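Presented below is the structure to which this report refers.
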Amino acid sequence: MITLTWLLIIALAAGVLAVVDGIWRLRARGGSTVVGILEIIIAGLFLLSLFLPGIPFGSLVLGIATLVILAVALFAGGRTGRTLTIIALVLIVIWLILVNRWLIIPGIN
């Protein structure tokens, strides 16, 4: 049974946006394919780690890896827009801050 919480919704939105951004990077003509492939793999593992306990790395480590690959994708450039990358980056940062309890908001964490 999965409990639907605000942290899960934020993590799902960030992971899905990162996967979509990776797909857009692969489909763009001038996009960097290596960054797109890495982004899809890492964000996909991040999404799986939210639901499956058997993923070798925890969701926290994969969240940080997704944050790093999104930052690389932001500066890699290409013909893709940066709006989706920035939104996914902000959502991952918010999720990391809330899941580590660096900021406590009653009702969210």
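If you're wondering about the labels, chains in the structure tokens are A, B, ... by order shown, residues count from 1 in each chain, ligands from 1 in order shown.
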
task: Would you list the contacts of A:Leu62 as a list in words, taking every protein, DNA or RNA residue within 8 Å and counting only C-alpha atoms, but skipping same-chain residues closer than 3 positions in sequence?
output: Ile42, Ala43, Leu45, Phe46, Ser49, Phe57, Gly58, Ser59, Ala65 and Thr66 of chain A

Put those residues in a file: all heavy atoms, as a PDB file, in the first residue's frame.
```pdb
ATOM      1  N   ILE A  42      18.943   7.716 -14.857  1.00  0.00           N
ATOM      2  CA  ILE A  42      19.003   8.112 -13.446  1.00  0.00           C
ATOM      3  C   ILE A  42      17.628   8.532 -12.936  1.00  0.00           C
ATOM      4  O   ILE A  42      17.226   8.151 -11.828  1.00  0.00           O
ATOM      5  CB  ILE A  42      20.056   9.218 -13.247  1.00  0.00           C
ATOM      6  CG1 ILE A  42      21.458   8.653 -13.521  1.00  0.00           C
ATOM      7  CG2 ILE A  42      19.989   9.782 -11.842  1.00  0.00           C
ATOM      8  CD1 ILE A  42      22.543   9.695 -13.525  1.00  0.00           C
ATOM      9  N   ALA A  43      16.896   9.299 -13.723  1.00  0.00           N
ATOM     10  CA  ALA A  43      15.564   9.721 -13.282  1.00  0.00           C
ATOM     11  C   ALA A  43      14.604   8.530 -13.226  1.00  0.00           C
ATOM     12  O   ALA A  43      13.747   8.474 -12.336  1.00  0.00           O
ATOM     13  CB  ALA A  43      15.024  10.800 -14.210  1.00  0.00           C
ATOM     14  N   LEU A  45      15.486   5.409 -12.496  1.00  0.00           N
ATOM     15  CA  LEU A  45      15.837   4.704 -11.266  1.00  0.00           C
ATOM     16  C   LEU A  45      15.340   5.452 -10.035  1.00  0.00           C
ATOM     17  O   LEU A  45      14.924   4.839  -9.051  1.00  0.00           O
ATOM     18  CB  LEU A  45      17.348   4.500 -11.179  1.00  0.00           C
ATOM     19  CG  LEU A  45      17.923   3.397 -12.046  1.00  0.00           C
ATOM     20  CD1 LEU A  45      19.444   3.409 -11.968  1.00  0.00           C
ATOM     21  CD2 LEU A  45      17.384   2.055 -11.625  1.00  0.00           C
ATOM     22  N   PHE A  46      15.368   6.780 -10.089  1.00  0.00           N
ATOM     23  CA  PHE A  46      14.844   7.579  -8.984  1.00  0.00           C
ATOM     24  C   PHE A  46      13.351   7.326  -8.801  1.00  0.00           C
ATOM     25  O   PHE A  46      12.875   7.138  -7.679  1.00  0.00           O
ATOM     26  CB  PHE A  46      15.122   9.067  -9.227  1.00  0.00           C
ATOM     27  CG  PHE A  46      14.464   9.979  -8.235  1.00  0.00           C
ATOM     28  CD1 PHE A  46      14.859   9.984  -6.917  1.00  0.00           C
ATOM     29  CD2 PHE A  46      13.449  10.831  -8.620  1.00  0.00           C
ATOM     30  CE1 PHE A  46      14.259  10.814  -5.990  1.00  0.00           C
ATOM     31  CE2 PHE A  46      12.842  11.671  -7.712  1.00  0.00           C
ATOM     32  CZ  PHE A  46      13.249  11.662  -6.392  1.00  0.00           C
ATOM     33  N   SER A  49      12.850   3.883  -7.334  1.00  0.00           N
ATOM     34  CA  SER A  49      13.257   3.782  -5.931  1.00  0.00           C
ATOM     35  C   SER A  49      12.195   4.329  -4.984  1.00  0.00           C
ATOM     36  O   SER A  49      12.219   4.021  -3.794  1.00  0.00           O
ATOM     37  CB  SER A  49      14.579   4.515  -5.701  1.00  0.00           C
ATOM     38  OG  SER A  49      14.398   5.912  -5.768  1.00  0.00           O
ATOM     39  N   PHE A  57      20.595   1.636  -4.773  1.00  0.00           N
ATOM     40  CA  PHE A  57      20.832   2.935  -4.152  1.00  0.00           C
ATOM     41  C   PHE A  57      19.494   3.442  -3.630  1.00  0.00           C
ATOM     42  O   PHE A  57      18.458   3.206  -4.225  1.00  0.00           O
ATOM     43  CB  PHE A  57      21.402   3.933  -5.162  1.00  0.00           C
ATOM     44  CG  PHE A  57      22.657   3.448  -5.815  1.00  0.00           C
ATOM     45  CD1 PHE A  57      22.655   3.078  -7.146  1.00  0.00           C
ATOM     46  CD2 PHE A  57      23.826   3.341  -5.101  1.00  0.00           C
ATOM     47  CE1 PHE A  57      23.794   2.624  -7.748  1.00  0.00           C
ATOM     48  CE2 PHE A  57      24.977   2.883  -5.698  1.00  0.00           C
ATOM     49  CZ  PHE A  57      24.967   2.522  -7.026  1.00  0.00           C
ATOM     50  N   GLY A  58      19.527   4.167  -2.542  1.00  0.00           N
ATOM     51  CA  GLY A  58      18.287   4.696  -2.008  1.00  0.00           C
ATOM     52  C   GLY A  58      17.776   5.861  -2.825  1.00  0.00           C
ATOM     53  O   GLY A  58      18.440   6.369  -3.731  1.00  0.00           O
ATOM     54  N   SER A  59      16.584   6.291  -2.500  1.00  0.00           N
ATOM     55  CA  SER A  59      16.004   7.404  -3.246  1.00  0.00           C
ATOM     56  C   SER A  59      16.751   8.707  -2.978  1.00  0.00           C
ATOM     57  O   SER A  59      16.785   9.587  -3.829  1.00  0.00           O
ATOM     58  CB  SER A  59      14.526   7.556  -2.902  1.00  0.00           C
ATOM     59  OG  SER A  59      14.349   7.793  -1.530  1.00  0.00           O
ATOM     60  N   ALA A  65      21.820  12.322  -7.451  1.00  0.00           N
ATOM     61  CA  ALA A  65      22.346  12.043  -8.795  1.00  0.00           C
ATOM     62  C   ALA A  65      21.476  12.702  -9.864  1.00  0.00           C
ATOM     63  O   ALA A  65      21.997  13.238 -10.857  1.00  0.00           O
ATOM     64  CB  ALA A  65      22.423  10.543  -9.026  1.00  0.00           C
ATOM     65  N   THR A  66      20.160  12.697  -9.664  1.00  0.00           N
ATOM     66  CA  THR A  66      19.268  13.373 -10.598  1.00  0.00           C
ATOM     67  C   THR A  66      19.500  14.875 -10.581  1.00  0.00           C
ATOM     68  O   THR A  66      19.485  15.524 -11.628  1.00  0.00           O
ATOM     69  CB  THR A  66      17.791  13.056 -10.254  1.00  0.00           C
ATOM     70  OG1 THR A  66      17.634  11.645 -10.197  1.00  0.00           O
ATOM     71  CG2 THR A  66      16.850  13.619 -11.288  1.00  0.00           C
TER      72      THR A  66
END
```

- prompt: Contacts of A:Ala14 at 12 Å or less, counting only C-alpha atoms, minus same-chain residues fewer than 2 places along, as a PyMOL selection string?
  reply: chain A and resi 7-12+16-21+43-44+46-47+50+63+66-67+70+84-96

Emit the selected residues as a short mmCIF file (atom, residue, chain, number, x, y, z; two decimals), in the first residue's frame, including N, CA, C and O atoms.
```cif
data_model
loop_
_atom_site.label_atom_id
_atom_site.label_comp_id
_atom_site.auth_asym_id
_atom_site.auth_seq_id
_atom_site.Cartn_x
_atom_site.Cartn_y
_atom_site.Cartn_z
N LEU A 7 5.36 14.85 -0.15
CA LEU A 7 6.74 14.55 -0.56
C LEU A 7 6.76 13.60 -1.75
O LEU A 7 7.58 13.75 -2.66
N LEU A 8 5.86 12.61 -1.75
CA LEU A 8 5.79 11.69 -2.87
C LEU A 8 5.34 12.40 -4.14
O LEU A 8 5.88 12.15 -5.23
N ILE A 9 4.38 13.29 -4.02
CA ILE A 9 3.90 14.03 -5.19
C ILE A 9 5.00 14.92 -5.77
O ILE A 9 5.18 14.98 -6.99
N ILE A 10 5.76 15.58 -4.90
CA ILE A 10 6.86 16.42 -5.37
C ILE A 10 7.93 15.58 -6.05
O ILE A 10 8.43 15.93 -7.13
N ALA A 11 8.26 14.43 -5.45
CA ALA A 11 9.27 13.56 -6.04
C ALA A 11 8.80 12.97 -7.37
O ALA A 11 9.59 12.88 -8.32
N LEU A 12 7.55 12.58 -7.44
CA LEU A 12 7.02 12.05 -8.71
C LEU A 12 7.03 13.11 -9.81
O LEU A 12 7.41 12.82 -10.95
N VAL A 16 9.30 12.62 -13.14
CA VAL A 16 8.64 12.56 -14.45
C VAL A 16 9.13 13.69 -15.35
O VAL A 16 9.40 13.49 -16.54
N LEU A 17 9.28 14.89 -14.79
CA LEU A 17 9.79 16.01 -15.59
C LEU A 17 11.23 15.77 -16.03
O LEU A 17 11.61 16.14 -17.15
N ALA A 18 12.03 15.12 -15.19
CA ALA A 18 13.41 14.81 -15.58
C ALA A 18 13.44 13.77 -16.70
O ALA A 18 14.25 13.88 -17.63
N VAL A 19 12.56 12.78 -16.64
CA VAL A 19 12.50 11.77 -17.72
C VAL A 19 12.03 12.43 -19.02
O VAL A 19 12.61 12.18 -20.09
N VAL A 20 11.01 13.26 -18.94
CA VAL A 20 10.51 13.95 -20.14
C VAL A 20 11.60 14.85 -20.72
O VAL A 20 11.78 14.92 -21.95
N ASP A 21 12.34 15.54 -19.86
CA ASP A 21 13.43 16.39 -20.34
C ASP A 21 14.51 15.56 -21.02
O ASP A 21 15.06 15.97 -22.05
N ALA A 43 16.90 9.30 -13.72
CA ALA A 43 15.56 9.72 -13.28
C ALA A 43 14.60 8.53 -13.23
O ALA A 43 13.75 8.47 -12.34
N GLY A 44 14.75 7.59 -14.14
CA GLY A 44 13.92 6.39 -14.09
C GLY A 44 14.21 5.56 -12.85
O GLY A 44 13.29 5.04 -12.19
N PHE A 46 15.37 6.78 -10.09
CA PHE A 46 14.84 7.58 -8.98
C PHE A 46 13.35 7.33 -8.80
O PHE A 46 12.87 7.14 -7.68
N LEU A 47 12.61 7.29 -9.90
CA LEU A 47 11.18 7.01 -9.82
C LEU A 47 10.91 5.60 -9.31
O LEU A 47 10.00 5.39 -8.50
N LEU A 50 11.28 5.13 -5.50
CA LEU A 50 10.20 5.63 -4.65
C LEU A 50 9.19 4.55 -4.32
O LEU A 50 8.50 4.62 -3.30
N GLY A 63 18.20 10.83 -5.87
CA GLY A 63 17.74 12.21 -5.97
C GLY A 63 18.90 13.17 -6.16
O GLY A 63 18.82 14.11 -6.96
N THR A 66 20.16 12.70 -9.66
CA THR A 66 19.27 13.37 -10.60
C THR A 66 19.50 14.87 -10.58
O THR A 66 19.49 15.52 -11.63
N LEU A 67 19.74 15.41 -9.40
CA LEU A 67 20.05 16.84 -9.28
C LEU A 67 21.32 17.19 -10.05
O LEU A 67 21.35 18.18 -10.79
N LEU A 70 20.71 16.93 -13.85
CA LEU A 70 19.90 18.05 -14.32
C LEU A 70 20.72 19.33 -14.40
O LEU A 70 20.54 20.13 -15.32
N LEU A 84 11.82 23.30 -18.66
CA LEU A 84 11.51 22.01 -18.04
C LEU A 84 12.65 21.55 -17.14
O LEU A 84 12.40 21.01 -16.05
N THR A 85 13.88 21.79 -17.56
CA THR A 85 15.03 21.42 -16.75
C THR A 85 15.06 22.21 -15.45
O THR A 85 15.32 21.65 -14.38
N ILE A 86 14.77 23.50 -15.52
CA ILE A 86 14.79 24.34 -14.32
C ILE A 86 13.67 23.94 -13.36
O ILE A 86 13.88 23.88 -12.14
N ILE A 87 12.48 23.63 -13.88
CA ILE A 87 11.37 23.22 -13.02
C ILE A 87 11.71 21.91 -12.32
O ILE A 87 11.48 21.77 -11.11
N ALA A 88 12.25 20.94 -13.05
CA ALA A 88 12.62 19.66 -12.45
C ALA A 88 13.74 19.86 -11.43
O ALA A 88 13.73 19.23 -10.36
N LEU A 89 14.68 20.73 -11.72
CA LEU A 89 15.78 21.02 -10.80
C LEU A 89 15.26 21.63 -9.50
O LEU A 89 15.67 21.22 -8.41
N VAL A 90 14.36 22.57 -9.60
CA VAL A 90 13.79 23.21 -8.41
C VAL A 90 12.99 22.21 -7.59
O VAL A 90 13.09 22.19 -6.35
N LEU A 91 12.21 21.35 -8.25
CA LEU A 91 11.43 20.36 -7.52
C LEU A 91 12.32 19.34 -6.81
O LEU A 91 12.03 18.94 -5.68
N ILE A 92 13.41 18.94 -7.44
CA ILE A 92 14.34 18.01 -6.79
C ILE A 92 14.99 18.67 -5.58
O ILE A 92 15.14 18.04 -4.52
N VAL A 93 15.37 19.93 -5.71
CA VAL A 93 15.98 20.65 -4.58
C VAL A 93 14.98 20.77 -3.43
O VAL A 93 15.33 20.53 -2.27
N ILE A 94 13.74 21.11 -3.74
CA ILE A 94 12.71 21.21 -2.70
C ILE A 94 12.51 19.86 -2.03
O ILE A 94 12.42 19.77 -0.80
N TRP A 95 12.46 18.79 -2.83
CA TRP A 95 12.28 17.46 -2.25
C TRP A 95 13.46 17.08 -1.35
O TRP A 95 13.25 16.53 -0.26
N LEU A 96 14.68 17.37 -1.79
CA LEU A 96 15.85 17.04 -0.97
C LEU A 96 15.86 17.82 0.33
O LEU A 96 16.23 17.28 1.39
#
```

message: From a backbone DSSP assignment, name each residue in chain A labelled helix (DSSP H, G or I), as JSON, numbers by chain.
response: {"A": [6, 7, 8, 9, 10, 11, 12, 13, 14, 15, 16, 17, 18, 19, 20, 21, 22, 23, 24, 25, 26, 27, 33, 34, 35, 36, 37, 38, 39, 40, 41, 42, 43, 44, 45, 46, 47, 48, 49, 50, 51, 59, 60, 61, 62, 63, 64, 65, 66, 67, 68, 69, 70, 71, 72, 73, 74, 75, 76, 83, 84, 85, 86, 87, 88, 89, 90, 91, 92, 93, 94, 95, 96, 97, 98, 99]}

query: So which one's closest to A:Ile41, A:Leu60, A:Ile69, A:Gly54, A:Thr5? Using only C-alpha atoms, please.
result: A:Ile69

A:Leu26 surroundings by only C-alpha atoms, 10 Å radius, close-in-sequence under 6 positions cut, as a list in words: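 Within the cut-off, the hits are Val20, Ser32, Thr33, Val34, Val35, Gly36, Ile37, Glu39, Ile40 and Thr80 of chain A.
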
Expected file: the selected residues, C-alpha atoms, as a PDB file, in the first residue's frame:
```pdb
ATOM      1  CA  VAL A  20      10.513  13.950 -20.141  1.00  0.00           C
ATOM      2  CA  SER A  32      23.504  16.055 -26.297  1.00  0.00           C
ATOM      3  CA  THR A  33      22.516  12.405 -26.456  1.00  0.00           C
ATOM      4  CA  VAL A  34      24.815  11.197 -23.684  1.00  0.00           C
ATOM      5  CA  VAL A  35      23.296  13.603 -21.176  1.00  0.00           C
ATOM      6  CA  GLY A  36      19.806  12.637 -22.340  1.00  0.00           C
ATOM      7  CA  ILE A  37      20.470   8.918 -21.917  1.00  0.00           C
ATOM      8  CA  GLU A  39      19.114  11.654 -17.472  1.00  0.00           C
ATOM      9  CA  ILE A  40      16.527   9.048 -18.485  1.00  0.00           C
ATOM     10  CA  THR A  80      16.009  22.095 -26.123  1.00  0.00           C
TER      11      THR A  80
END
```
